[in-house]
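First comes the structure, then the notes that go with it.
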Amino acid sequence: LLGDPMAAASIEVYRAVCRELLPTPSKSHYLFNTRDLAKVVLGVMQASKSFYDNREDLLQLWAHETFRVIGDRMWDPADVAWLRKQLDDRLSSTFSTSFASLFEEFAEQVPLYVNFLRSNMENPPYEPVRDMTALKDMLTEKLEDYALEPGASALDLVLFRDALHHVCRIHRILSQPRGNALLVGVGGSGRKSLARLAAYVAELKVLSIEITKTYRLTEFREDLKGLYRQAGVAGRPTMFLFDETQIKYETFLEDVHNILTTGEVPNLFPKDELSGVLDELRGSAKAAGAGETPEQLTAFLFERVRTNLHVVLCLSPVGETFRERCRMFPGLVNCTTIDWFTEWPTDALYEVATRQMASETLGTEEIKQAVCKMFVTAHQSVEATSHSMHLSLKRRNYVTPTNYLETVRNYKALLAEKRSELLSKCNKLKGGMTKLDETRVQVTDMKKVVQEKQVVVAQAKSNCEELLVQVVQDKRVADEQEKQVNTEAIKIAKETEEANTIANQVSAELDKALPALQEAEAALNVLTKKDISELKAYSKPPALVEMTLSGVMTVLKRPATWEESKKQLSDANFMMKLLNYDKDNMDDALLKKINKFTTNPEFTPESVGKVSLAAKGMCMWVGAMEVYGYVAKDVGPKRARLRAAQENLARKQAALASAQEQLAIVLAKVKALRDKYDESMHCNKTLEEELNDLTGKLQRAEKLVTGLAGERTRWESSVGGYQASLAALPGDTLLAAAFLSYAGPFPSEYRDELVKGIWLPQVKLLNIPASENFDFCSFLADPSNVRDWNIQGLPADSFSTENGVMVTRGRRWPLMIDPQGQAVRWIKSMEAQCGLKVLSLSASDMVRQLESAVQFGQPVLLSDIMEEIDPVLEPLLAKAFIRRNNQLLVKIGDKEVDFNPEFKLYITTKLANPHYTPEVSTKAMIVNFAVKESGLEAQLLNTVVKNERPDLDKQKNDLVVKVAAGKRTQVELEDTILQLLATARGSMLDNIELINTLDQSKTTWEEVNESLRVAEETTKQLQAAAGQYRPCSVRAAILYFVLNDLAGMTIVVQAILATMCLQQSGQ
């Protein structure tokens, strides 16, 4: 029932479009034909009976397809509104409804239609998207999956609302039979990335060409052959992605135009090669019933190519090229569905910023919202300023969504970096001040301890002196007593020696009788009870035995009879009596009696032994007693004298022992006093050492606190500054990030207008915390680095410093507009030590040299390029890195090269006013190094002084180097001081090395500060001396810019001026 009315309504809309929307210079693609009508019908035919079961759903689908085919090519909001009114009129007149009521549930907007939401179904329906969040989540997941594909580089996409719309539009085109797309938009708008994502969702193989320096039509045709083999022979659905940077020759676009219109590229395959291709295709053709003749196989090949191959063209609308190509190749419009990538609207810009900033903490939600609004303001203000600059200076600058995304990312990165940097500096200074405060407290406490310790030491010293007096007195008494004892001991020792002499004499004389006595005792000891019993057994003993026993009895002072002898022999202790006989007390009478026996010739041991062995021993004993008796008789007086001497000696020794005992007591007392004195002295020494140590610590601490007192004041001020900077970070970082992303192409006056005239007032209006006098260079550049740049040849003016910061801190590789060559000189000097390679696009080995530099991390200066950049640099400029097995690769030409993170690329051009396309502006950071009048004046002044006063020039250069080195030394010393304070463990007062190092660092810092003061005074004097040549440099600068402006005049004006000059010279 709806078929006929819907067809009629479609025809009416088509006729109105053809009648009203005519092509104009700015809308040269407004070329409509019945193919567009057929595409609307084709889109509606995707509806399935099971899903579209009511009138409203079909009408919604019809309106959607009309907008996709006709409305997506419109960049003018007025045209879109006009198309909506046409649809509203048709809905009202033909279907008795209105656009607003039909799309009431979608907030009166045409929803997206897709067929990939229900991935669990075999044939998912073509349905409207009712949940944008679910769509975004699904596409985000697909985006992550794509990054994991082998050989694929991650797509740098932010899926905000407009991006989701474009993905779905492209996917819709790729899902249709022979669906080809023309994506029109400036570079950096995400055309290729969104097309790749859409192709991945549609499960299409993506092919694109890789441009090299030697890439020509032959190579392009070879790539097309591969494309045809994949889509036609292999029958694999494929998307061919082709953008304007790859159109090295217009013949490339002509071949693509033929593919779009007929599916055939004339003479693509030579006959011999075509026959091989057809042979490969023969099996598939037979299965499809397409015939087997060469003509039939060729037709089948091209038909299959048109079925499986989807061409996606990415063209830029900038300049005249797009209009010319639409005129020259009408199939680009007629045989494609156009999707125009318009500038992001304000709400889209805000949405992107909000999503990107979701995880950031800026204090309050209001500040975060204000920052997001400021991103939008900055982006749109740069667009307006770019237009104003074009009108005034005829200089083009393109602002793309990539710049906007870069601004937001720069903001996040800079915010984290500066926050960490400022917190680190602040905490370091606070730590230093805390250490100084702790030391000051310790000094105060230590002064009290030192005073107390001084009292203790004085008391201990007094006690030691008193104790020493007592020790000396007691020692004198002990010494006198010891002297007496020693004298007595010497005398006793002498007497002892005399007594020992007598004892030795007595002992020597007694020793003469001892052998006989010992022999007799030995003989007695041999006797046994048996031997005694043998003697007792004699009733009448032999005469010698009887005589022997009588002698024994005589010695024993017993009757010398046999009966007495037998009686004594019967005594059990008889032998002991003999052995223990008191031989020392035999008198003369006894000895005479004994002599009577010993003088008897027969009374010999030998004679007696012959009769009785027992009697022999007793005979020997009697003789020995006699000998010993006579000896003892002679020794007796000596013994008496010895005994008397010994008794006297014993008395004296007892007296000496008593004296020694008394002396020992005195000495022990003296020793105890001395030990006590030594202990007191040791204690006193310990106390004095502690006092000296405390005094030393106190002196060092006072030295430290006094020496760093000035530093502490400066640190307090710095901490306050850092805290203020931390508070102002949201606004300062925003201004710096915007400046870094947008300001490069602008001259200084436009930069000042953007920052001071637009951004800073708007930041204050939105109540975003920011510094009152924000300075881009001070915020992002280290002063020591800036001084190094000046030494290396970068002019010292603020404009050049801004350029230096952007070149060194930008996320993109810098492309420097450098007509005077000052950027080239600076880069060469700055990177000379890193092995800078200076390359030219015209060099035959440029690609090889570039590959080597990328691999080994060497900086490259690509100098003197024109307005077009070799496509071989495209992946490197875009930083399209490929991650594979923990490797970071980048494609240069047709070769994948390991990328070294140390690699740097600098690009310069001598063109004064180049026109770079948005694609170049997106991938490279354009930085305007064109010299200003003030900058040129300063450079010319230096040149004049160098020639006229080389001594001044040398002195000035030496001072610049000296000041730079001094400033760096100061920073390093302060860092050293703070590092030492921060890493100090325990009490600082115990760390002598630390305090000495701090003192040395402080001294060195003061010396450097003084030398810098002198250097600055000298610099002023030198500047005053050089100022005498300033009129010369001023005139030269004026002359240069006048001549430079003359070059911008038209030919007619130049001819008039030349004529006037000739007339003037004639006169």
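To be explicit about the labels: the chains of the structure tokens are called A, B, and onward in the order shown, and within each one the residues are counted from 1, while ligands get numbers from 1 in the order they are shown.
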Taking 5 positions as the minimum chain separation for residues in the same chain, which residues sit within 8 Å of stretch 196-211 of chain A when counting only C-alpha atoms? Answer as a CSV table (one decimal) with N, CA and C atoms, in the first residue's frame.
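What ended up in selection_9.csv:
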```csv
chain,number,residue,atom,x,y,z
A,116,PHE,N,24.3,-4.1,12.1
A,116,PHE,CA,25.3,-4.9,12.8
A,116,PHE,C,25.2,-4.9,14.3
A,142,LYS,N,35.1,-2.9,18.8
A,142,LYS,CA,35.7,-3.2,17.4
A,142,LYS,C,37.0,-2.4,17.2
A,143,LEU,N,37.0,-1.2,17.7
A,143,LEU,CA,38.3,-0.4,17.6
A,143,LEU,C,39.4,-1.1,18.3
A,146,TYR,N,40.5,-4.2,16.3
A,146,TYR,CA,41.2,-3.8,15.1
A,146,TYR,C,42.7,-3.6,15.4
A,167,VAL,N,30.8,6.7,10.9
A,167,VAL,CA,31.1,5.2,10.8
A,167,VAL,C,29.9,4.5,10.3
A,168,CYS,N,28.7,4.8,10.8
A,168,CYS,CA,27.5,4.1,10.4
A,168,CYS,C,27.2,4.4,8.9
A,170,ILE,N,29.3,5.2,6.5
A,170,ILE,CA,30.3,4.5,5.6
A,170,ILE,C,29.9,3.0,5.6
A,171,HIS,N,29.6,2.5,6.8
A,171,HIS,CA,29.3,1.0,6.8
A,171,HIS,C,28.0,0.8,6.0
A,174,LEU,N,29.2,0.6,2.4
A,174,LEU,CA,29.9,-0.7,2.1
A,174,LEU,C,29.1,-1.9,2.1
A,175,SER,N,28.0,-1.8,2.8
A,175,SER,CA,27.1,-3.0,2.9
A,175,SER,C,26.2,-3.1,1.7
A,220,PHE,N,51.4,1.8,-9.9
A,220,PHE,CA,50.0,1.9,-9.6
A,220,PHE,C,49.2,0.8,-10.3
A,223,ASP,N,49.6,-2.4,-8.5
A,223,ASP,CA,48.7,-2.5,-7.3
A,223,ASP,C,47.3,-2.8,-7.7
A,227,LEU,N,44.7,-5.8,-6.7
A,227,LEU,CA,43.3,-5.5,-6.2
A,227,LEU,C,42.3,-6.3,-7.0
A,236,ARG,N,37.1,-12.1,-2.8
A,236,ARG,CA,37.0,-11.6,-1.5
A,236,ARG,C,36.5,-10.2,-1.4
A,237,PRO,N,35.5,-9.9,-0.6
A,237,PRO,CA,35.0,-8.5,-0.4
A,237,PRO,C,36.2,-7.6,0.1
A,238,THR,N,36.4,-6.5,-0.7
A,238,THR,CA,37.5,-5.7,-0.4
A,238,THR,C,37.1,-4.2,-0.5
A,239,MET,N,37.8,-3.4,0.3
A,239,MET,CA,37.6,-2.0,0.3
A,239,MET,C,39.0,-1.4,-0.2
A,240,PHE,N,38.9,-0.6,-1.3
A,240,PHE,CA,40.1,0.1,-1.8
A,240,PHE,C,40.0,1.5,-1.3
A,241,LEU,N,41.0,1.9,-0.4
A,241,LEU,CA,41.0,3.2,0.3
A,241,LEU,C,42.0,4.1,-0.5
A,242,PHE,N,41.6,5.2,-1.0
A,242,PHE,CA,42.4,6.0,-1.9
A,242,PHE,C,42.2,7.5,-1.5
A,246,GLN,N,47.7,10.4,-2.3
A,246,GLN,CA,48.2,9.3,-3.1
A,246,GLN,C,48.0,9.6,-4.6
A,871,PRO,N,55.0,11.6,-0.5
A,871,PRO,CA,54.1,10.7,0.2
A,871,PRO,C,54.9,9.6,1.0
A,872,VAL,N,56.1,9.4,0.6
A,872,VAL,CA,56.9,8.3,1.4
A,872,VAL,C,57.0,8.7,2.8
A,893,GLY,N,58.1,4.0,2.8
A,893,GLY,CA,57.9,3.4,1.5
A,893,GLY,C,57.3,2.1,1.6
A,894,ASP,N,57.9,1.1,1.1
A,894,ASP,CA,57.3,-0.3,1.2
A,894,ASP,C,58.1,-1.1,2.2
```
Exercise. What are the DSSP alpha helix (DSSP H) residues of stretch 178-326 of chain A, as a VMD selection string?
Worked result: chain A and resid 191 to 201 217 to 228 250 to 261 271 to 288 294 to 308 321 to 326
Convert the current residue selection to file output with C-alpha atoms, as a compact mmCIF listing (two decimals), in the first residue's frame.
```txt
# COMPACT_ATOMS: atom_id res chain seq x y z
CA ARG A 191 38.05 10.14 7.07
CA LYS A 192 40.49 7.27 6.53
CA SER A 193 40.46 6.04 10.12
CA LEU A 194 36.66 5.96 10.26
CA ALA A 195 36.57 4.22 6.87
CA ARG A 196 38.97 1.54 8.13
CA LEU A 197 36.84 0.99 11.23
CA ALA A 198 33.68 0.74 9.12
CA ALA A 199 35.40 -1.77 6.81
CA TYR A 200 36.49 -3.83 9.81
CA VAL A 201 32.91 -3.89 11.11
CA LEU A 217 51.79 4.70 -13.17
CA THR A 218 53.40 1.30 -13.72
CA GLU A 219 53.56 0.63 -9.97
CA PHE A 220 50.00 1.91 -9.57
CA ARG A 221 48.78 -0.48 -12.25
CA GLU A 222 50.56 -3.35 -10.51
CA ASP A 223 48.74 -2.50 -7.28
CA LEU A 224 45.44 -2.41 -9.21
CA LYS A 225 46.21 -5.85 -10.62
CA GLY A 226 46.60 -7.16 -7.09
CA LEU A 227 43.31 -5.49 -6.20
CA TYR A 228 41.58 -7.17 -9.14
CA GLU A 250 45.97 12.54 -12.30
CA THR A 251 46.06 9.34 -14.37
CA PHE A 252 45.76 7.50 -11.04
CA LEU A 253 42.37 9.18 -10.52
CA GLU A 254 41.38 8.40 -14.10
CA ASP A 255 41.90 4.67 -13.48
CA VAL A 256 39.87 4.88 -10.26
CA HIS A 257 37.15 6.72 -12.19
CA ASN A 258 37.03 3.84 -14.69
CA ILE A 259 36.68 1.33 -11.86
CA LEU A 260 33.76 3.32 -10.46
CA THR A 261 31.95 3.69 -13.78
CA LYS A 271 46.99 -10.42 -23.18
CA ASP A 272 49.43 -13.06 -21.93
CA GLU A 273 48.88 -12.03 -18.30
CA LEU A 274 45.10 -11.80 -18.78
CA SER A 275 44.93 -15.37 -20.04
CA GLY A 276 46.60 -16.56 -16.80
CA VAL A 277 44.12 -14.60 -14.72
CA LEU A 278 41.18 -16.03 -16.69
CA ASP A 279 42.52 -19.55 -16.24
CA GLU A 280 42.51 -19.02 -12.48
CA LEU A 281 38.95 -17.73 -12.72
CA ARG A 282 37.64 -20.52 -14.99
CA GLY A 283 36.50 -22.81 -12.16
CA SER A 284 34.51 -20.10 -10.41
CA ALA A 285 32.95 -18.97 -13.70
CA LYS A 286 31.89 -22.52 -14.55
CA ALA A 287 30.31 -22.96 -11.13
CA ALA A 288 28.40 -19.71 -11.64
CA PRO A 294 37.53 -15.46 -23.09
CA GLU A 295 34.92 -12.74 -23.57
CA GLN A 296 32.57 -14.35 -21.07
CA LEU A 297 35.36 -14.92 -18.55
CA THR A 298 36.53 -11.31 -18.91
CA ALA A 299 32.99 -10.01 -18.38
CA PHE A 300 32.64 -12.33 -15.36
CA LEU A 301 35.93 -10.99 -13.95
CA PHE A 302 34.86 -7.34 -14.20
CA GLU A 303 31.38 -8.09 -12.90
CA ARG A 304 32.85 -9.89 -9.93
CA VAL A 305 35.21 -6.98 -9.31
CA ARG A 306 32.30 -4.53 -9.26
CA THR A 307 30.44 -6.80 -6.85
CA ASN A 308 33.28 -7.38 -4.36
CA THR A 321 41.34 20.91 -7.18
CA PHE A 322 38.17 19.29 -5.88
CA ARG A 323 35.94 21.26 -8.25
CA GLU A 324 38.18 20.48 -11.21
CA ARG A 325 38.20 16.79 -10.41
CA CYS A 326 34.42 16.69 -10.09
```
For this session: Would you please extract all strand (DSSP E) residues from stretch 162-385 of chain A, as assigned by DSSP on the backbone, and give them as a ChimeraX atom specification?
Result: /A:181-184,205-207,238-243,309-315,337-340
Neighbouring residues of A:Asn397 were defined as those with any atom within 9 Å, considering only C-alpha atoms; residues of the same chain fewer than 4 positions away were excluded. Please report them as a CSV table (one decimal) with all heavy atoms, in the first residue's frame.
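Final file, out22.csv:
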```
chain,number,residue,atom,x,y,z
A,383,GLU,N,40.1,29.5,14.2
A,383,GLU,CA,39.5,29.5,12.9
A,383,GLU,C,39.2,30.9,12.4
A,383,GLU,O,39.6,31.3,11.3
A,383,GLU,CB,38.2,28.7,12.9
A,383,GLU,CG,38.4,27.2,13.1
A,383,GLU,CD,37.1,26.4,13.2
A,383,GLU,OE1,36.1,27.1,13.5
A,383,GLU,OE2,37.1,25.2,12.9
A,386,SER,N,42.5,32.7,11.7
A,386,SER,CA,43.1,32.2,10.5
A,386,SER,C,42.5,32.9,9.3
A,386,SER,O,43.2,33.3,8.3
A,386,SER,CB,43.0,30.7,10.4
A,386,SER,OG,43.6,30.0,11.4
A,387,HIS,N,41.2,33.1,9.3
A,387,HIS,CA,40.5,33.8,8.3
A,387,HIS,C,41.0,35.2,8.2
A,387,HIS,O,41.2,35.8,7.1
A,387,HIS,CB,39.0,33.7,8.5
A,387,HIS,CG,38.2,34.4,7.4
A,387,HIS,ND1,38.1,33.9,6.1
A,387,HIS,CD2,37.4,35.5,7.5
A,387,HIS,CE1,37.3,34.7,5.4
A,387,HIS,NE2,36.9,35.7,6.2
A,389,MET,N,43.8,36.4,9.2
A,389,MET,CA,45.2,36.4,8.7
A,389,MET,C,45.3,36.3,7.2
A,389,MET,O,46.1,36.9,6.5
A,389,MET,CB,46.1,35.3,9.4
A,389,MET,CG,47.5,35.3,9.0
A,389,MET,SD,48.5,34.1,9.9
A,389,MET,CE,47.8,32.6,9.2
A,390,HIS,N,44.4,35.4,6.7
A,390,HIS,CA,44.4,35.2,5.2
A,390,HIS,C,43.9,36.5,4.5
A,390,HIS,O,44.5,36.9,3.4
A,390,HIS,CB,43.4,34.1,4.9
A,390,HIS,CG,43.3,33.9,3.4
A,390,HIS,ND1,42.1,34.1,2.7
A,390,HIS,CD2,44.2,33.4,2.5
A,390,HIS,CE1,42.3,33.8,1.4
A,390,HIS,NE2,43.5,33.4,1.3
A,745,PRO,N,51.7,28.7,13.1
A,745,PRO,CA,51.8,29.4,11.8
A,745,PRO,C,51.6,30.9,11.9
A,745,PRO,O,51.9,31.6,10.9
A,745,PRO,CB,50.5,28.8,11.1
A,745,PRO,CG,50.2,27.5,11.8
A,745,PRO,CD,50.6,27.8,13.3
A,746,PHE,N,51.2,31.4,13.1
A,746,PHE,CA,50.9,32.9,13.2
A,746,PHE,C,52.1,33.7,13.4
A,746,PHE,O,53.0,33.3,14.2
A,746,PHE,CB,49.8,33.1,14.3
A,746,PHE,CG,48.5,32.5,14.0
A,746,PHE,CD1,48.1,31.3,14.6
A,746,PHE,CD2,47.6,33.1,13.1
A,746,PHE,CE1,46.9,30.7,14.3
A,746,PHE,CE2,46.4,32.5,12.9
A,746,PHE,CZ,46.0,31.3,13.5
A,915,HIS,N,51.6,27.6,1.0
A,915,HIS,CA,50.2,27.1,1.2
A,915,HIS,C,50.2,25.6,1.4
A,915,HIS,O,50.3,24.9,0.4
A,915,HIS,CB,49.4,27.5,0.0
A,915,HIS,CG,47.9,27.1,0.1
A,915,HIS,ND1,47.1,27.1,-0.9
A,915,HIS,CD2,47.2,26.7,1.2
A,915,HIS,CE1,45.9,26.6,-0.5
A,915,HIS,NE2,46.0,26.4,0.8
A,916,TYR,N,50.2,25.2,2.6
A,916,TYR,CA,50.2,23.8,2.9
A,916,TYR,C,48.7,23.3,3.1
A,916,TYR,O,47.9,24.0,3.8
A,916,TYR,CB,51.0,23.5,4.2
A,916,TYR,CG,52.5,23.6,3.9
A,916,TYR,CD1,53.2,24.7,4.5
A,916,TYR,CD2,53.2,22.7,3.1
A,916,TYR,CE1,54.6,24.8,4.3
A,916,TYR,CE2,54.5,22.9,2.9
A,916,TYR,CZ,55.2,23.9,3.4
A,916,TYR,OH,56.6,24.0,3.2
A,917,THR,N,48.4,22.2,2.6
A,917,THR,CA,47.1,21.6,2.7
A,917,THR,C,46.8,21.2,4.1
A,917,THR,O,47.7,21.1,4.9
A,917,THR,CB,46.9,20.4,1.8
A,917,THR,OG1,47.8,19.4,2.3
A,917,THR,CG2,47.3,20.8,0.3
A,918,PRO,N,45.5,21.1,4.4
A,918,PRO,CA,45.1,20.6,5.8
A,918,PRO,C,45.8,19.3,6.1
A,918,PRO,O,46.0,19.0,7.3
A,918,PRO,CB,43.6,20.5,5.7
A,918,PRO,CG,43.2,21.4,4.6
A,918,PRO,CD,44.3,21.4,3.6
A,921,SER,N,49.1,20.2,7.4
A,921,SER,CA,49.0,20.9,8.7
A,921,SER,C,48.6,19.9,9.8
A,921,SER,O,49.0,20.1,11.0
A,921,SER,CB,47.9,22.0,8.6
A,921,SER,OG,48.2,22.9,7.5
```
Exercise. What's the 7 Å shell around A:Phe881, counting only C-alpha atoms, without same-chain residues fewer than 3 positions away, as a list in words?
Worked result: Ser153, Leu888, Leu889 and Val890 of chain A
Problem set entry | Shell around stretch 835-841 of chain A at 12 Å using only C-alpha atoms, local window under 5 positions removed, as a PyMOL selection string | chain A and resi 212-213+824-830+846-854+856-866+868-873+902-909
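Computed from the coordinates, the atom CA of A:Asn403 to atom CA of A:Lys932 distance equals 25.8 Å.
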For this session: Could you please determine the separation between atom CA of A:Lys85 and atom CA of A:Leu182 in Å, to one decimal place?
Result: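 Distance reported for this atom pair: 25.5 Å.
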For this session: Rank nothing, just name the residue among A:Ile502, A:Asn123, A:Thr337, A:Pro914 nearest to A:Arg35, using only C-alpha atoms.
Result: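 Residue with the minimum atom-to-atom distance to A:Arg35: A:Thr337.
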Exercise. Residues at most 8 Å from stretch 711-724 of chain A, counting only C-alpha atoms, excluding those fewer than 6 positions away in the same chain, as a ChimeraX atom specification?
Worked result: /A:422-423,425-426,429-430,433,436
How about saving the chosen residues, N, CA, C and O atoms kept, as a compact mmCIF listing (two decimals), in the first residue's frame?
```
# COMPACT_ATOMS: atom_id res chain seq x y z
N LEU A 422 55.76 20.81 39.64
CA LEU A 422 55.60 21.84 40.67
C LEU A 422 55.51 21.22 42.06
O LEU A 422 56.07 21.74 43.02
N LEU A 423 54.78 20.09 42.16
CA LEU A 423 54.69 19.41 43.46
C LEU A 423 56.06 18.93 43.92
O LEU A 423 56.40 19.03 45.10
N LYS A 425 59.02 20.19 43.07
CA LYS A 425 59.81 21.35 43.48
C LYS A 425 59.34 21.89 44.83
O LYS A 425 60.15 22.21 45.71
N CYS A 426 58.03 21.97 44.96
CA CYS A 426 57.45 22.50 46.20
C CYS A 426 57.82 21.61 47.39
O CYS A 426 58.25 22.08 48.43
N LEU A 429 61.50 21.92 48.30
CA LEU A 429 61.78 23.12 49.08
C LEU A 429 61.21 23.02 50.48
O LEU A 429 61.85 23.43 51.46
N LYS A 430 60.00 22.49 50.59
CA LYS A 430 59.40 22.31 51.91
C LYS A 430 60.24 21.37 52.76
O LYS A 430 60.43 21.60 53.97
N MET A 433 63.20 23.30 53.97
CA MET A 433 62.83 24.21 55.06
C MET A 433 62.54 23.45 56.34
O MET A 433 62.89 23.89 57.44
N LEU A 436 65.76 22.60 57.91
CA LEU A 436 66.35 23.79 58.54
C LEU A 436 65.62 24.12 59.84
O LEU A 436 66.25 24.48 60.85
```
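Among the candidates A:Met925, A:Gln1023, A:Thr983, A:Gln1063, the residue lying nearest to A:Gly431 is A:Thr983 (atoms considered: only C-alpha atoms).
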Exercise. Which polymer residues have any atom within 12 Å of an atom of A:Arg130, counting only C-alpha atoms, with same-chain residues fewer than 2 positions away left out, as a PyMOL selection string?
Worked result: chain A and resi 103+105-107+109-114+117+127-128+132-136
For this session: Give the answer as one residue: which of A:Met575, A:Val382, A:Leu362, A:Leu58 has the shortest atom-to-atom distance to A:Ala728, using only C-alpha atoms?
Result: A:Leu362
